Amino acid sequence: MAHQITPHRVAVLALEPVVGFDLTIPPTVLGEATTADGTRLYDVRICGLQTAPIRAGLGFSLIPDHGVEALAEADTVIIPGTYIKQPRYEGKLPDDLAAALATIRPGTRIASICTGAFVLAAAGLLDGRPATTHWKRADMFRALYPKVQLDEDLLFIDDGDIITSAGLAAGVDLCLHLIRRDFGSEVANRAARHCVVPPWRDGGQSQFIERVVPDEGTEGTAPTRAWALERLEQEITLGAMAARSRMSVRTFSRRFKAETGQSPGNWLLQQRVRHACHLLETTGLSIDRVAEASGLGTAASLRHHLRSEVGIPPLAYRKTFRSA
């Protein structure tokens, strides 16, 4: 007699205004986790603080099939991205949400997608723990929740019973990771193939972060930074940068870090890596030539620093980001 499988129960809590894309990821991806004979391995339930229509952020509403009672029955609770005011902007939970989260059974695994991490942080669940969220919201998150060990460079962070993911499509990575963790790579790969996504994405969120070039300005180290950005392929020494700013090396280094948060050497390396990324995206230059043109010297050096800064090697980066 065949053993009957009890599906892993997942409650996805939609909080108005919910990020509609985030909300649809768990039922879509987890819903494709099956045994070889097609038996579903997850019972995914969309729930709300009430069963009335829930407004999404971009012009439509959704009606959840379940209310908050689904939270108390779940093995895993997932909080998708949300624009809900108090956790996002005030660092606290509204009373009805706090009461709903209090019904989650001890030992239940809790995950967030994108700005759902703000809700977990407001509930105190992330204090002293590593977590991630959408890179655009990192500064706001840190200001509201300084006790959280935020790392916006990663696509997701698994801290055992608490798992957080970066923005939007990183929710797919999170759900595939849950499948892999619960039922193994074969099941996760099968779900990924159905969803037409890679079962594992190389690299982290840092590869998607917009990089802002400083204004040239007229004071401090800004003119020197602008000067350096125009000649990244050349040797640029700390002494030359200090002389350009008409400061001693010590004063320049102190002023530079106060203005940028980085040492001149680390900043320069970061700009060279970013320029190399730009060249990989927009030109057909060889890897050796990209390394030379960005001031990184050799292809081996480029590979090392790109892996360290972005998480993937040059050819993989070009394949992912270069325009057709």
# chains A, B, ... in the order shown; residues from 1 in each chain; ligands from 1
call {"tool": "residues_around", "arguments": {"residues": "A:Thr6", "least_positions_apart": "2", "cutoff": "8 Å", "atoms": "only C-alpha atoms", "output": "PyMOL selection string"}}
result
chain A and resi 4+8+41
call {"tool": "write_last_selection", "arguments": {"atoms": "C-alpha atoms", "output": "tab-separated table (two decimals), in the first residue's frame"}}
result
chain	number	residue	atom	x	y	z
A	4	GLN	CA	0.04	8.84	1.68
A	8	HIS	CA	3.58	20.87	3.74
A	41	LEU	CA	4.03	18.45	-1.92
call {"tool": "residues_around", "arguments": {"residues": "stretch 12-17 of chain A", "least_positions_apart": "5", "cutoff": "7 Å", "atoms": "only C-alpha atoms", "output": "JSON, numbers by chain"}}
result
{"A": [23, 45, 46, 47, 48, 54, 55, 56, 57, 77, 78, 79, 80, 82, 83, 84]}
call {"tool": "residues_around", "arguments": {"residues": "A:Ala240", "least_positions_apart": "4", "cutoff": "10 Å", "atoms": "only C-alpha atoms", "output": "list in words"}}
result
Thr224, Ala228, Glu235, Ile236, Arg244, Ser245, Arg246 and Val249 of chain A
call {"tool": "write_last_selection", "arguments": {"atoms": "N, CA and C atoms", "output": "compact mmCIF listing (two decimals), in the first residue's frame"}}
result
# COMPACT_ATOMS: atom_id res chain seq x y z
N THR A 224 38.46 65.16 -7.50
CA THR A 224 39.46 64.12 -7.68
C THR A 224 38.80 62.80 -8.06
N ALA A 228 39.57 60.74 -11.44
CA ALA A 228 39.96 59.34 -11.44
C ALA A 228 39.05 58.50 -12.34
N GLU A 235 47.42 53.88 -14.12
CA GLU A 235 47.81 53.71 -12.71
C GLU A 235 47.45 54.99 -11.95
N ILE A 236 46.74 54.84 -10.86
CA ILE A 236 46.34 55.99 -10.04
C ILE A 236 46.77 55.70 -8.60
N ARG A 244 46.28 65.88 -6.24
CA ARG A 244 45.25 66.48 -7.08
C ARG A 244 44.28 67.31 -6.23
N SER A 245 44.04 66.86 -5.02
CA SER A 245 43.13 67.56 -4.10
C SER A 245 43.85 68.62 -3.27
N ARG A 246 45.17 68.72 -3.45
CA ARG A 246 45.98 69.68 -2.68
C ARG A 246 45.86 69.43 -1.19
N VAL A 249 48.41 63.16 2.18
CA VAL A 249 47.81 61.83 2.04
C VAL A 249 46.92 61.53 3.23
call {"tool": "select_by_dssp", "arguments": {"residues": "stretch 65-190 of chain A", "states": "alpha helix (DSSP H)", "output": "ChimeraX atom specification"}}
result
/A:69-73,85,95-101,116-122,138-144,170-183,185-190
call {"tool": "write_last_selection", "arguments": {"atoms": "N, CA and C atoms", "output": "compact mmCIF listing (two decimals), in the first residue's frame"}}
result
# COMPACT_ATOMS: atom_id res chain seq x y z
N GLU A 69 -6.88 32.60 10.10
CA GLU A 69 -6.84 31.26 10.71
C GLU A 69 -5.83 30.36 10.02
N ALA A 70 -5.50 30.66 8.76
CA ALA A 70 -4.52 29.85 8.03
C ALA A 70 -3.14 29.94 8.65
N LEU A 71 -2.83 31.04 9.33
CA LEU A 71 -1.51 31.22 9.93
C LEU A 71 -1.27 30.18 11.02
N ALA A 72 -2.26 29.90 11.84
CA ALA A 72 -2.10 28.97 12.96
C ALA A 72 -1.97 27.54 12.50
N GLU A 73 -2.36 27.25 11.25
CA GLU A 73 -2.32 25.89 10.73
C GLU A 73 -1.10 25.63 9.86
N LYS A 85 1.84 50.76 5.77
CA LYS A 85 2.46 51.99 6.27
C LYS A 85 3.33 51.79 7.52
N ASP A 95 -2.18 47.00 15.18
CA ASP A 95 -2.66 46.05 16.17
C ASP A 95 -3.21 44.78 15.55
N ASP A 96 -3.98 44.89 14.45
CA ASP A 96 -4.58 43.69 13.87
C ASP A 96 -3.52 42.77 13.28
N LEU A 97 -2.45 43.33 12.72
CA LEU A 97 -1.38 42.50 12.18
C LEU A 97 -0.58 41.84 13.31
N ALA A 98 -0.30 42.58 14.38
CA ALA A 98 0.40 42.00 15.52
C ALA A 98 -0.39 40.83 16.09
N ALA A 99 -1.70 41.01 16.21
CA ALA A 99 -2.55 39.92 16.73
C ALA A 99 -2.52 38.71 15.81
N ALA A 100 -2.53 38.95 14.49
CA ALA A 100 -2.49 37.85 13.53
C ALA A 100 -1.17 37.08 13.62
N LEU A 101 -0.06 37.80 13.68
CA LEU A 101 1.24 37.13 13.76
C LEU A 101 1.39 36.35 15.06
N GLY A 116 8.60 42.44 2.54
CA GLY A 116 7.99 41.68 3.62
C GLY A 116 8.91 41.61 4.83
N ALA A 117 10.21 41.79 4.60
CA ALA A 117 11.17 41.78 5.71
C ALA A 117 10.90 42.91 6.69
N PHE A 118 10.32 44.01 6.24
CA PHE A 118 9.97 45.11 7.15
C PHE A 118 8.96 44.62 8.19
N VAL A 119 8.05 43.76 7.79
CA VAL A 119 7.05 43.23 8.72
C VAL A 119 7.72 42.33 9.75
N LEU A 120 8.61 41.47 9.31
CA LEU A 120 9.31 40.58 10.25
C LEU A 120 10.15 41.41 11.22
N ALA A 121 10.78 42.46 10.70
CA ALA A 121 11.61 43.31 11.57
C ALA A 121 10.76 44.06 12.58
N ALA A 122 9.62 44.57 12.14
CA ALA A 122 8.74 45.31 13.05
C ALA A 122 8.21 44.40 14.15
N ALA A 138 17.23 49.39 1.38
CA ALA A 138 18.19 49.03 2.42
C ALA A 138 18.44 50.18 3.40
N ASP A 139 18.62 51.39 2.90
CA ASP A 139 18.91 52.51 3.80
C ASP A 139 17.73 52.79 4.73
N MET A 140 16.53 52.75 4.18
CA MET A 140 15.34 52.95 5.00
C MET A 140 15.21 51.85 6.05
N PHE A 141 15.49 50.62 5.63
CA PHE A 141 15.39 49.48 6.55
C PHE A 141 16.37 49.66 7.71
N ARG A 142 17.61 50.01 7.40
CA ARG A 142 18.62 50.17 8.45
C ARG A 142 18.23 51.28 9.44
N ALA A 143 17.66 52.34 8.92
CA ALA A 143 17.27 53.45 9.79
C ALA A 143 16.16 53.03 10.75
N LEU A 144 15.24 52.22 10.27
CA LEU A 144 14.11 51.78 11.11
C LEU A 144 14.49 50.64 12.03
N ALA A 170 13.63 37.68 -6.70
CA ALA A 170 14.40 36.87 -5.74
C ALA A 170 13.46 35.97 -4.93
N GLY A 171 12.16 36.29 -4.92
CA GLY A 171 11.20 35.40 -4.30
C GLY A 171 11.16 34.04 -4.96
N VAL A 172 11.44 34.00 -6.26
CA VAL A 172 11.53 32.72 -6.97
C VAL A 172 12.71 31.91 -6.44
N ASP A 173 13.85 32.58 -6.26
CA ASP A 173 15.03 31.91 -5.70
C ASP A 173 14.72 31.37 -4.31
N LEU A 174 14.02 32.17 -3.52
CA LEU A 174 13.65 31.76 -2.17
C LEU A 174 12.80 30.50 -2.21
N CYS A 175 11.76 30.49 -3.04
CA CYS A 175 10.85 29.35 -3.07
C CYS A 175 11.54 28.09 -3.59
N LEU A 176 12.40 28.24 -4.58
CA LEU A 176 13.16 27.08 -5.05
C LEU A 176 14.08 26.56 -3.96
N HIS A 177 14.63 27.47 -3.18
CA HIS A 177 15.48 27.06 -2.06
C HIS A 177 14.66 26.29 -1.02
N LEU A 178 13.45 26.74 -0.74
CA LEU A 178 12.59 26.02 0.21
C LEU A 178 12.30 24.61 -0.30
N ILE A 179 12.00 24.49 -1.59
CA ILE A 179 11.74 23.16 -2.15
C ILE A 179 12.98 22.28 -2.03
N ARG A 180 14.12 22.86 -2.38
CA ARG A 180 15.37 22.10 -2.32
C ARG A 180 15.65 21.65 -0.89
N ARG A 181 15.41 22.54 0.05
CA ARG A 181 15.66 22.22 1.45
C ARG A 181 14.67 21.17 1.97
N ASP A 182 13.42 21.26 1.54
CA ASP A 182 12.39 20.35 2.06
C ASP A 182 12.39 18.99 1.36
N PHE A 183 12.60 19.01 0.03
CA PHE A 183 12.38 17.78 -0.74
C PHE A 183 13.51 17.40 -1.69
N SER A 185 17.01 18.40 -4.48
CA SER A 185 17.29 19.12 -5.72
C SER A 185 16.46 18.62 -6.89
N GLU A 186 16.17 17.33 -6.94
CA GLU A 186 15.42 16.79 -8.07
C GLU A 186 14.05 17.44 -8.17
N VAL A 187 13.37 17.56 -7.04
CA VAL A 187 12.04 18.19 -7.03
C VAL A 187 12.15 19.68 -7.36
N ALA A 188 13.15 20.35 -6.78
CA ALA A 188 13.33 21.78 -7.06
C ALA A 188 13.65 22.01 -8.53
N ASN A 189 14.48 21.18 -9.12
CA ASN A 189 14.83 21.34 -10.53
C ASN A 189 13.61 21.12 -11.43
N ARG A 190 12.77 20.16 -11.05
CA ARG A 190 11.57 19.90 -11.84
C ARG A 190 10.63 21.11 -11.79
call {"tool": "closest_residue", "arguments": {"among": "A:Gly204, A:Ala11, A:Met241, A:Ser112", "to": "A:Asp65", "atoms": "only C-alpha atoms"}}
result
A:Ala11
call {"tool": "select_by_dssp", "arguments": {"residues": "stretch 88-265 of chain A", "states": "strand (DSSP E or B)", "output": "count of residues only"}}
result
15
call {"tool": "atom_distance", "arguments": {"atom1": "atom CA of A:Gln262", "atom2": "atom CA of A:Thr283"}}
result
29.1 Å
call {"tool": "atom_distance", "arguments": {"atom1": "atom CA of A:Asp159", "atom2": "atom CA of A:Arg201"}}
result
19.1 Å
call {"tool": "residues_around", "arguments": {"residues": "A:Asp158", "least_positions_apart": "5", "cutoff": "10 Å", "atoms": "only C-alpha atoms", "output": "PyMOL selection string"}}
result
chain A and resi 111+130-132+163-165+174+177-178
call {"tool": "write_last_selection", "arguments": {"atoms": "N, CA and C atoms", "output": "PDB file, in the first residue's frame"}}
result
ATOM      1  N   ALA A 111       9.117  33.177   6.389  1.00  0.00           N
ATOM      2  CA  ALA A 111       9.938  33.724   5.307  1.00  0.00           C
ATOM      3  C   ALA A 111       9.328  35.033   4.823  1.00  0.00           C
ATOM      4  N   PRO A 130      20.806  37.853  10.704  1.00  0.00           N
ATOM      5  CA  PRO A 130      21.065  38.298   9.331  1.00  0.00           C
ATOM      6  C   PRO A 130      19.779  38.278   8.519  1.00  0.00           C
ATOM      7  N   ALA A 131      19.645  39.234   7.615  1.00  0.00           N
ATOM      8  CA  ALA A 131      18.451  39.319   6.778  1.00  0.00           C
ATOM      9  C   ALA A 131      18.777  40.147   5.542  1.00  0.00           C
ATOM     10  N   THR A 132      17.881  40.065   4.551  1.00  0.00           N
ATOM     11  CA  THR A 132      18.026  40.893   3.362  1.00  0.00           C
ATOM     12  C   THR A 132      16.658  41.402   2.945  1.00  0.00           C
ATOM     13  N   ILE A 163      13.785  32.994   7.018  1.00  0.00           N
ATOM     14  CA  ILE A 163      14.435  33.110   5.716  1.00  0.00           C
ATOM     15  C   ILE A 163      13.922  34.381   5.057  1.00  0.00           C
ATOM     16  N   THR A 164      14.819  35.213   4.568  1.00  0.00           N
ATOM     17  CA  THR A 164      14.432  36.451   3.903  1.00  0.00           C
ATOM     18  C   THR A 164      15.015  36.476   2.501  1.00  0.00           C
ATOM     19  N   SER A 165      14.303  37.119   1.584  1.00  0.00           N
ATOM     20  CA  SER A 165      14.821  37.225   0.218  1.00  0.00           C
ATOM     21  C   SER A 165      14.859  38.675  -0.214  1.00  0.00           C
ATOM     22  N   LEU A 174      14.016  32.175  -3.521  1.00  0.00           N
ATOM     23  CA  LEU A 174      13.651  31.759  -2.171  1.00  0.00           C
ATOM     24  C   LEU A 174      12.797  30.495  -2.208  1.00  0.00           C
ATOM     25  N   HIS A 177      14.634  27.471  -3.183  1.00  0.00           N
ATOM     26  CA  HIS A 177      15.479  27.057  -2.059  1.00  0.00           C
ATOM     27  C   HIS A 177      14.665  26.288  -1.025  1.00  0.00           C
ATOM     28  N   LEU A 178      13.446  26.738  -0.740  1.00  0.00           N
ATOM     29  CA  LEU A 178      12.586  26.022   0.208  1.00  0.00           C
ATOM     30  C   LEU A 178      12.303  24.608  -0.297  1.00  0.00           C
TER      31      LEU A 178
END
call {"tool": "atom_distance", "arguments": {"atom1": "atom CA of A:Ala74", "atom2": "atom CA of A:Asp161"}}
result
13.3 Å
call {"tool": "residues_around", "arguments": {"residues": "A:Leu229", "least_positions_apart": "4", "cutoff": "10 Å", "atoms": "only C-alpha atoms", "output": "compact mmCIF listing (two decimals) with C-alpha atoms, in the first residue's frame"}}
result
# COMPACT_ATOMS: atom_id res chain seq x y z
CA VAL A 213 28.64 58.31 -10.18
CA PRO A 214 29.34 61.27 -7.88
CA PRO A 223 36.74 66.70 -8.26
CA THR A 224 39.46 64.12 -7.68
CA ARG A 225 36.94 61.29 -7.85
CA GLU A 233 42.77 52.35 -17.21
CA LEU A 268 38.99 52.93 -6.75
CA GLN A 271 34.88 51.83 -9.65
CA ARG A 272 37.17 49.69 -11.79
CA HIS A 275 33.57 50.03 -15.30
CA SER A 294 39.23 49.04 -16.49
